[in-house]
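K.L.:
Have a look at the structure that comes next, please.
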Amino acid sequence: PEQAADPVAEAKAAAQAAGTLDQLRAAITAYDRCELKKGARNTVFCDGVPGSRVMLIGEAPGRDEDREGRPFVGRAGQLLDRMLDAIGLSRAENVYITNVMPWRPPQNRDPKPEEMAMMTPFLQRHVELAQPEILVLMGNVSCAAVLGRRGITRLRGSWSEVWGKPVLPMFHPAYLLRQAGEKKKAWADLLDLNARLKEMR
């Protein structure tokens, strides 16, 4: 019998074949190896302005995102918009946003490692096609996917480089809604991001 194709290899091939963001969106929408897709209403691909200097990578869609088909639209998204606004950034003008996972996990559980492994090639291609100058990773899932590490409380605020881009891990806005005391650290990270953008002009 024919060997079943490896879902990750299949994802890599599909991602690499996409030459534009629209083609990538179509490739993700057509990709059937991830179980999460069956339970999701929408494929959540992106929001904001492609080609922006800053690209935010969130974790996975929640209920609001799944319903609207856009990342960061619920309470966490509203907080994110206020945070960005404080340093002169907005998804209407100069920020591009995606998630590690385009489909909502049931009960908003964390994506499983094998689910993330399937979607990471699409994410890497997404970054290549969007061509941001800086990546901001919001939360543990995006750190696990991009940096291969978890522990956002330790990772936040320290820059590294992945896929040829400077990368800044930050707390996810949903976490800040639960832990308001951590907002000071998020503010420090935003100022750091702003300073780096000015340096890179």
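To be explicit about the labels: the chains of the structure tokens are called A, B, and onward in the order shown, and within each one the residues are counted from 1, while ligands get numbers from 1 in the order they are shown.
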What are the nearest atom pairs, with distances in Å to one decimal, for all residues of region 44-152 of chain A that come at most 10 Å from region 158-161 of chain A, using only C-alpha atoms, set out by chain and rising residue number as a tab-separated table?

P.N.:
residue	atom	partner	partner_atom	distance
A:Ile134	CA	A:Glu161	CA	9.4
A:Leu135	CA	A:Glu161	CA	9.1
A:Val136	CA	A:Trp159	CA	9.6
A:Val146	CA	A:Glu161	CA	9.9
A:Leu147	CA	A:Ser160	CA	8.6

K.L.:
Could you name the residues that touch Ala188 (chain A) at 12 Å or less, counting only C-alpha atoms, but leaving out those on the same chain fewer than 4 positions away, as number ranges by chain?

P.N.:
A: 83, 86-87, 156-158, 168, 170-171, 182-184, 192-195

K.L.:
Let me see the file: selected residues, N, CA, C and O atoms, as an mmCIF file, in the first residue's frame.

P.N.:
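Printed below is selection05.cif as written:
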data_model
loop_
_atom_site.group_PDB
_atom_site.id
_atom_site.type_symbol
_atom_site.label_atom_id
_atom_site.label_comp_id
_atom_site.auth_asym_id
_atom_site.auth_seq_id
_atom_site.Cartn_x
_atom_site.Cartn_y
_atom_site.Cartn_z
ATOM 1 N N MET A 83 -3.274 49.036 23.261
ATOM 2 C CA MET A 83 -1.829 48.931 23.502
ATOM 3 C C MET A 83 -1.036 49.465 22.300
ATOM 4 O O MET A 83 -0.099 50.246 22.454
ATOM 5 N N ALA A 86 -1.133 53.231 21.804
ATOM 6 C CA ALA A 86 -0.287 53.994 22.730
ATOM 7 C C ALA A 86 1.097 54.286 22.152
ATOM 8 O O ALA A 86 1.765 55.221 22.564
ATOM 9 N N ILE A 87 1.542 53.489 21.178
ATOM 10 C CA ILE A 87 2.838 53.769 20.533
ATOM 11 C C ILE A 87 2.661 54.095 19.043
ATOM 12 O O ILE A 87 3.570 53.937 18.233
ATOM 13 N N ARG A 156 9.490 37.034 27.662
ATOM 14 C CA ARG A 156 8.993 38.360 27.249
ATOM 15 C C ARG A 156 10.066 39.428 27.462
ATOM 16 O O ARG A 156 10.844 39.377 28.388
ATOM 17 N N GLY A 157 10.062 40.374 26.520
ATOM 18 C CA GLY A 157 10.968 41.495 26.660
ATOM 19 C C GLY A 157 12.391 41.229 26.207
ATOM 20 O O GLY A 157 13.203 42.141 26.187
ATOM 21 N N SER A 158 12.715 39.971 25.855
ATOM 22 C CA SER A 158 14.081 39.740 25.371
ATOM 23 C C SER A 158 14.048 39.382 23.886
ATOM 24 O O SER A 158 13.345 38.462 23.471
ATOM 25 N N LEU A 168 10.279 39.793 19.174
ATOM 26 C CA LEU A 168 10.024 40.208 20.553
ATOM 27 C C LEU A 168 8.824 39.450 21.115
ATOM 28 O O LEU A 168 7.702 39.643 20.654
ATOM 29 N N MET A 170 5.911 38.857 23.780
ATOM 30 C CA MET A 170 5.129 39.679 24.710
ATOM 31 C C MET A 170 3.999 38.855 25.313
ATOM 32 O O MET A 170 3.584 37.860 24.741
ATOM 33 N N PHE A 171 3.482 39.326 26.438
ATOM 34 C CA PHE A 171 2.285 38.691 26.998
ATOM 35 C C PHE A 171 1.120 38.820 26.029
ATOM 36 O O PHE A 171 0.959 39.843 25.372
ATOM 37 N N GLU A 182 0.381 42.721 35.351
ATOM 38 C CA GLU A 182 1.481 42.506 34.391
ATOM 39 C C GLU A 182 1.480 43.558 33.287
ATOM 40 O O GLU A 182 2.348 43.545 32.414
ATOM 41 N N LYS A 183 0.504 44.461 33.304
ATOM 42 C CA LYS A 183 0.423 45.445 32.216
ATOM 43 C C LYS A 183 1.651 46.353 32.175
ATOM 44 O O LYS A 183 2.042 46.821 31.111
ATOM 45 N N LYS A 184 2.273 46.595 33.332
ATOM 46 C CA LYS A 184 3.490 47.424 33.370
ATOM 47 C C LYS A 184 4.575 46.830 32.495
ATOM 48 O O LYS A 184 5.279 47.524 31.772
ATOM 49 N N ASP A 192 9.897 49.349 24.175
ATOM 50 C CA ASP A 192 11.072 48.722 23.586
ATOM 51 C C ASP A 192 10.861 48.503 22.074
ATOM 52 O O ASP A 192 11.734 48.777 21.251
ATOM 53 N N LEU A 193 9.677 48.030 21.733
ATOM 54 C CA LEU A 193 9.320 47.823 20.330
ATOM 55 C C LEU A 193 9.375 49.152 19.569
ATOM 56 O O LEU A 193 9.934 49.240 18.465
ATOM 57 N N ASN A 194 8.817 50.188 20.174
ATOM 58 C CA ASN A 194 8.791 51.507 19.557
ATOM 59 C C ASN A 194 10.215 52.033 19.327
ATOM 60 O O ASN A 194 10.531 52.578 18.261
ATOM 61 N N ALA A 195 11.074 51.833 20.324
ATOM 62 C CA ALA A 195 12.470 52.292 20.210
ATOM 63 C C ALA A 195 13.174 51.542 19.080
ATOM 64 O O ALA A 195 13.914 52.146 18.282
#

K.L.:
In Å to one decimal, how far is CA of Gly88 (chain A) from CA of Leu191 (chain A)?

P.N.:
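Atom-to-atom, CA of Leu191 (chain A) and CA of Gly88 (chain A) are spaced 10.8 Å apart.
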
K.L.:
As a PDB file with C-alpha atoms, in the first residue's frame, please: the residues near Gly74 (chain A) (cut-off 9 Å, only C-alpha atoms, same-chain neighbours under 4 positions excluded).

P.N.:
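Writing the result to out_15.pdb gives the following:
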ATOM      1  CA  GLY A  62     -11.240  32.151  20.098  1.00  0.00           C
ATOM      2  CA  ARG A  63     -15.011  32.203  19.759  1.00  0.00           C
ATOM      3  CA  ASP A  64     -15.264  35.800  18.481  1.00  0.00           C
ATOM      4  CA  GLU A  65     -12.422  35.310  16.005  1.00  0.00           C
ATOM      5  CA  GLN A  78      -9.733  45.603  21.974  1.00  0.00           C
ATOM      6  CA  LEU A  79      -6.982  45.694  24.585  1.00  0.00           C
TER       7      LEU A  79
END

K.L.:
What does the structure give for the distance between CA of Gln124 (chain A) and CA of Thr43 (chain A), in Å to one decimal?

P.N.:
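Computing it gives 17.2 Å between the two atoms.
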
K.L.:
For Thr120 (chain A), list every protein, DNA or RNA residue within 10 Å, evaluated using only C-alpha atoms, and leave out those in the same chain fewer than 6 positions away; present the list as a list in words.

P.N.:
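Skipping anything fewer than 6 positions along the chain leaves Val8, Ala11, Lys12, Ala15, Val100, Met101, His126, Ser142, Ala145 and Val146 of chain A.
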
K.L.:
Calculate how many Å separate CA of Val49 (chain A) from CA of Ser90 (chain A), rounding to one decimal.

P.N.:
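A separation of 9.1 Å between them.
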
K.L.:
Compare A:Leu155, A:Cys46, A:Ala14, A:Ala130 by their minimum atom-to-atom distance to Pro102 (chain A), counting only C-alpha atoms, and give me the closest one.

P.N.:
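Closest to Pro102 (chain A), using only C-alpha atoms: A:Cys46.
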
K.L.:
Going by DSSP on the backbone, which bits of region 14-104 of chain A are helix (DSSP H, G or I)? Write them as number ranges by chain, please.

P.N.:
A: 14-17, 21-30, 36-39, 63-68, 75-85

K.L.:
What's around region 173-180 of chain A at 8 Å? Count only C-alpha atoms, leave out sequence neighbours fewer than 4 positions away in its own chain, and write the answer as an mmCIF file with N, CA, C and O atoms, in the first residue's frame.

P.N.:
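Saved to out-v5.cif:
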data_model
loop_
_atom_site.group_PDB
_atom_site.id
_atom_site.type_symbol
_atom_site.label_atom_id
_atom_site.label_comp_id
_atom_site.auth_asym_id
_atom_site.auth_seq_id
_atom_site.Cartn_x
_atom_site.Cartn_y
_atom_site.Cartn_z
ATOM 1 N N ARG A 75 -12.466 40.837 23.441
ATOM 2 C CA ARG A 75 -11.952 41.766 24.462
ATOM 3 C C ARG A 75 -10.437 41.877 24.383
ATOM 4 O O ARG A 75 -9.873 42.960 24.554
ATOM 5 N N ALA A 76 -9.775 40.750 24.136
ATOM 6 C CA ALA A 76 -8.309 40.783 24.036
ATOM 7 C C ALA A 76 -7.872 41.633 22.849
ATOM 8 O O ALA A 76 -6.881 42.354 22.917
ATOM 9 N N GLY A 77 -8.639 41.571 21.772
ATOM 10 C CA GLY A 77 -8.325 42.366 20.593
ATOM 11 C C GLY A 77 -8.493 43.849 20.840
ATOM 12 O O GLY A 77 -7.708 44.677 20.356
ATOM 13 N N LEU A 79 -8.133 45.298 23.767
ATOM 14 C CA LEU A 79 -6.982 45.694 24.585
ATOM 15 C C LEU A 79 -5.741 45.830 23.706
ATOM 16 O O LEU A 79 -4.968 46.786 23.847
ATOM 17 N N LEU A 80 -5.557 44.884 22.791
ATOM 18 C CA LEU A 80 -4.411 44.956 21.886
ATOM 19 C C LEU A 80 -4.436 46.269 21.096
ATOM 20 O O LEU A 80 -3.397 46.935 20.959
ATOM 21 N N MET A 138 2.836 36.959 20.524
ATOM 22 C CA MET A 138 1.949 37.178 21.652
ATOM 23 C C MET A 138 1.588 35.854 22.304
ATOM 24 O O MET A 138 0.833 35.067 21.756
#

K.L.:
Given only C-alpha atoms as the basis, pick out the residue of A:Glu133, A:Asp110, A:Asp47, A:Asp32 nearest to Tyr96 (chain A).

P.N.:
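Residue with the minimum atom-to-atom distance to Tyr96 (chain A): A:Asp47.
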
K.L.:
May I have the residues within 6 Å of Ile57 (chain A) as a count of residues only, using only C-alpha atoms and disregarding those fewer than 5 positions away in the same chain?

P.N.:
4

K.L.:
Which residues, written as an mmCIF file with N, CA, C and O atoms, in the first residue's frame, have at least one atom at most 10 Å from region 103-109 of chain A, with only C-alpha atoms counted and residues fewer than 4 positions away on the same chain left out?

P.N.:
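This went into result16.cif:
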data_model
loop_
_atom_site.group_PDB
_atom_site.id
_atom_site.type_symbol
_atom_site.label_atom_id
_atom_site.label_comp_id
_atom_site.auth_asym_id
_atom_site.auth_seq_id
_atom_site.Cartn_x
_atom_site.Cartn_y
_atom_site.Cartn_z
ATOM 1 N N THR A 29 -6.625 27.234 3.538
ATOM 2 C CA THR A 29 -8.047 26.879 3.515
ATOM 3 C C THR A 29 -8.259 25.492 2.908
ATOM 4 O O THR A 29 -9.150 24.751 3.315
ATOM 5 N N CYS A 34 -5.355 18.895 9.334
ATOM 6 C CA CYS A 34 -5.472 19.311 10.732
ATOM 7 C C CYS A 34 -6.922 19.146 11.196
ATOM 8 O O CYS A 34 -7.832 19.728 10.620
ATOM 9 N N GLU A 35 -7.102 18.350 12.234
ATOM 10 C CA GLU A 35 -8.455 18.046 12.748
ATOM 11 C C GLU A 35 -9.233 19.292 13.167
ATOM 12 O O GLU A 35 -10.461 19.316 13.108
ATOM 13 N N LEU A 36 -8.513 20.323 13.613
ATOM 14 C CA LEU A 36 -9.197 21.512 14.129
ATOM 15 C C LEU A 36 -10.104 22.150 13.080
ATOM 16 O O LEU A 36 -11.111 22.760 13.397
ATOM 17 N N LYS A 37 -9.725 21.980 11.826
ATOM 18 C CA LYS A 37 -10.468 22.627 10.748
ATOM 19 C C LYS A 37 -11.930 22.177 10.738
ATOM 20 O O LYS A 37 -12.834 22.955 10.456
ATOM 21 N N LYS A 38 -12.150 20.892 11.095
ATOM 22 C CA LYS A 38 -13.509 20.334 11.015
ATOM 23 C C LYS A 38 -14.464 21.029 11.974
ATOM 24 O O LYS A 38 -15.647 21.156 11.699
ATOM 25 N N GLY A 39 -13.941 21.461 13.132
ATOM 26 C CA GLY A 39 -14.826 22.071 14.127
ATOM 27 C C GLY A 39 -14.915 23.581 14.034
ATOM 28 O O GLY A 39 -15.671 24.206 14.775
ATOM 29 N N ALA A 40 -14.144 24.172 13.123
ATOM 30 C CA ALA A 40 -14.098 25.638 13.055
ATOM 31 C C ALA A 40 -15.120 26.171 12.055
ATOM 32 O O ALA A 40 -15.416 25.522 11.058
ATOM 33 N N ARG A 41 -15.640 27.351 12.327
ATOM 34 C CA ARG A 41 -16.554 27.996 11.371
ATOM 35 C C ARG A 41 -15.777 28.634 10.235
ATOM 36 O O ARG A 41 -16.205 28.641 9.097
ATOM 37 N N ASN A 42 -14.686 29.304 10.602
ATOM 38 C CA ASN A 42 -13.932 30.088 9.634
ATOM 39 C C ASN A 42 -12.447 29.788 9.721
ATOM 40 O O ASN A 42 -11.942 29.436 10.785
ATOM 41 N N THR A 43 -11.763 29.963 8.603
ATOM 42 C CA THR A 43 -10.306 29.984 8.615
ATOM 43 C C THR A 43 -9.901 31.428 8.896
ATOM 44 O O THR A 43 -10.272 32.336 8.155
ATOM 45 N N VAL A 44 -9.187 31.620 10.011
ATOM 46 C CA VAL A 44 -8.769 32.962 10.399
ATOM 47 C C VAL A 44 -7.352 33.178 9.874
ATOM 48 O O VAL A 44 -6.402 32.559 10.350
ATOM 49 N N PHE A 45 -7.241 34.021 8.866
ATOM 50 C CA PHE A 45 -5.952 34.154 8.177
ATOM 51 C C PHE A 45 -5.166 35.375 8.641
ATOM 52 O O PHE A 45 -4.019 35.274 9.048
ATOM 53 N N GLU A 59 -1.993 33.332 19.030
ATOM 54 C CA GLU A 59 -1.973 31.894 19.282
ATOM 55 C C GLU A 59 -2.958 31.141 18.379
ATOM 56 O O GLU A 59 -2.564 30.491 17.427
ATOM 57 N N ALA A 60 -4.245 31.282 18.706
ATOM 58 C CA ALA A 60 -5.285 30.596 17.924
ATOM 59 C C ALA A 60 -6.568 31.393 18.081
ATOM 60 O O ALA A 60 -6.736 32.120 19.048
ATOM 61 N N PRO A 61 -7.485 31.264 17.129
ATOM 62 C CA PRO A 61 -8.740 32.010 17.251
ATOM 63 C C PRO A 61 -9.549 31.553 18.460
ATOM 64 O O PRO A 61 -9.559 30.369 18.799
ATOM 65 N N GLY A 62 -10.232 32.488 19.096
ATOM 66 C CA GLY A 62 -11.240 32.151 20.098
ATOM 67 C C GLY A 62 -12.619 32.207 19.456
ATOM 68 O O GLY A 62 -12.747 32.229 18.230
ATOM 69 N N ARG A 63 -13.650 32.255 20.278
ATOM 70 C CA ARG A 63 -15.011 32.203 19.759
ATOM 71 C C ARG A 63 -15.318 33.391 18.842
ATOM 72 O O ARG A 63 -15.864 33.219 17.758
ATOM 73 N N ASP A 64 -14.956 34.604 19.285
ATOM 74 C CA ASP A 64 -15.264 35.800 18.481
ATOM 75 C C ASP A 64 -14.520 35.766 17.146
ATOM 76 O O ASP A 64 -15.066 36.113 16.098
ATOM 77 N N GLU A 65 -13.255 35.348 17.215
ATOM 78 C CA GLU A 65 -12.422 35.310 16.005
ATOM 79 C C GLU A 65 -12.947 34.269 15.019
ATOM 80 O O GLU A 65 -12.971 34.485 13.806
ATOM 81 N N ASP A 66 -13.361 33.137 15.563
ATOM 82 C CA ASP A 66 -13.889 32.062 14.723
ATOM 83 C C ASP A 66 -15.164 32.529 14.019
ATOM 84 O O ASP A 66 -15.400 32.235 12.852
ATOM 85 N N ARG A 67 -15.962 33.301 14.733
ATOM 86 C CA ARG A 67 -17.223 33.777 14.169
ATOM 87 C C ARG A 67 -16.977 34.825 13.078
ATOM 88 O O ARG A 67 -17.584 34.801 12.024
ATOM 89 N N GLY A 69 -13.936 35.510 11.587
ATOM 90 C CA GLY A 69 -12.900 35.170 10.620
ATOM 91 C C GLY A 69 -11.704 36.118 10.637
ATOM 92 O O GLY A 69 -10.951 36.194 9.666
ATOM 93 N N ASN A 99 -2.249 34.445 13.330
ATOM 94 C CA ASN A 99 -2.140 33.508 14.448
ATOM 95 C C ASN A 99 -1.326 32.308 14.008
ATOM 96 O O ASN A 99 -1.220 32.020 12.815
ATOM 97 N N GLU A 115 -0.512 19.572 15.944
ATOM 98 C CA GLU A 115 -1.313 20.561 15.204
ATOM 99 C C GLU A 115 -0.451 21.774 14.857
ATOM 100 O O GLU A 115 -0.503 22.299 13.740
#
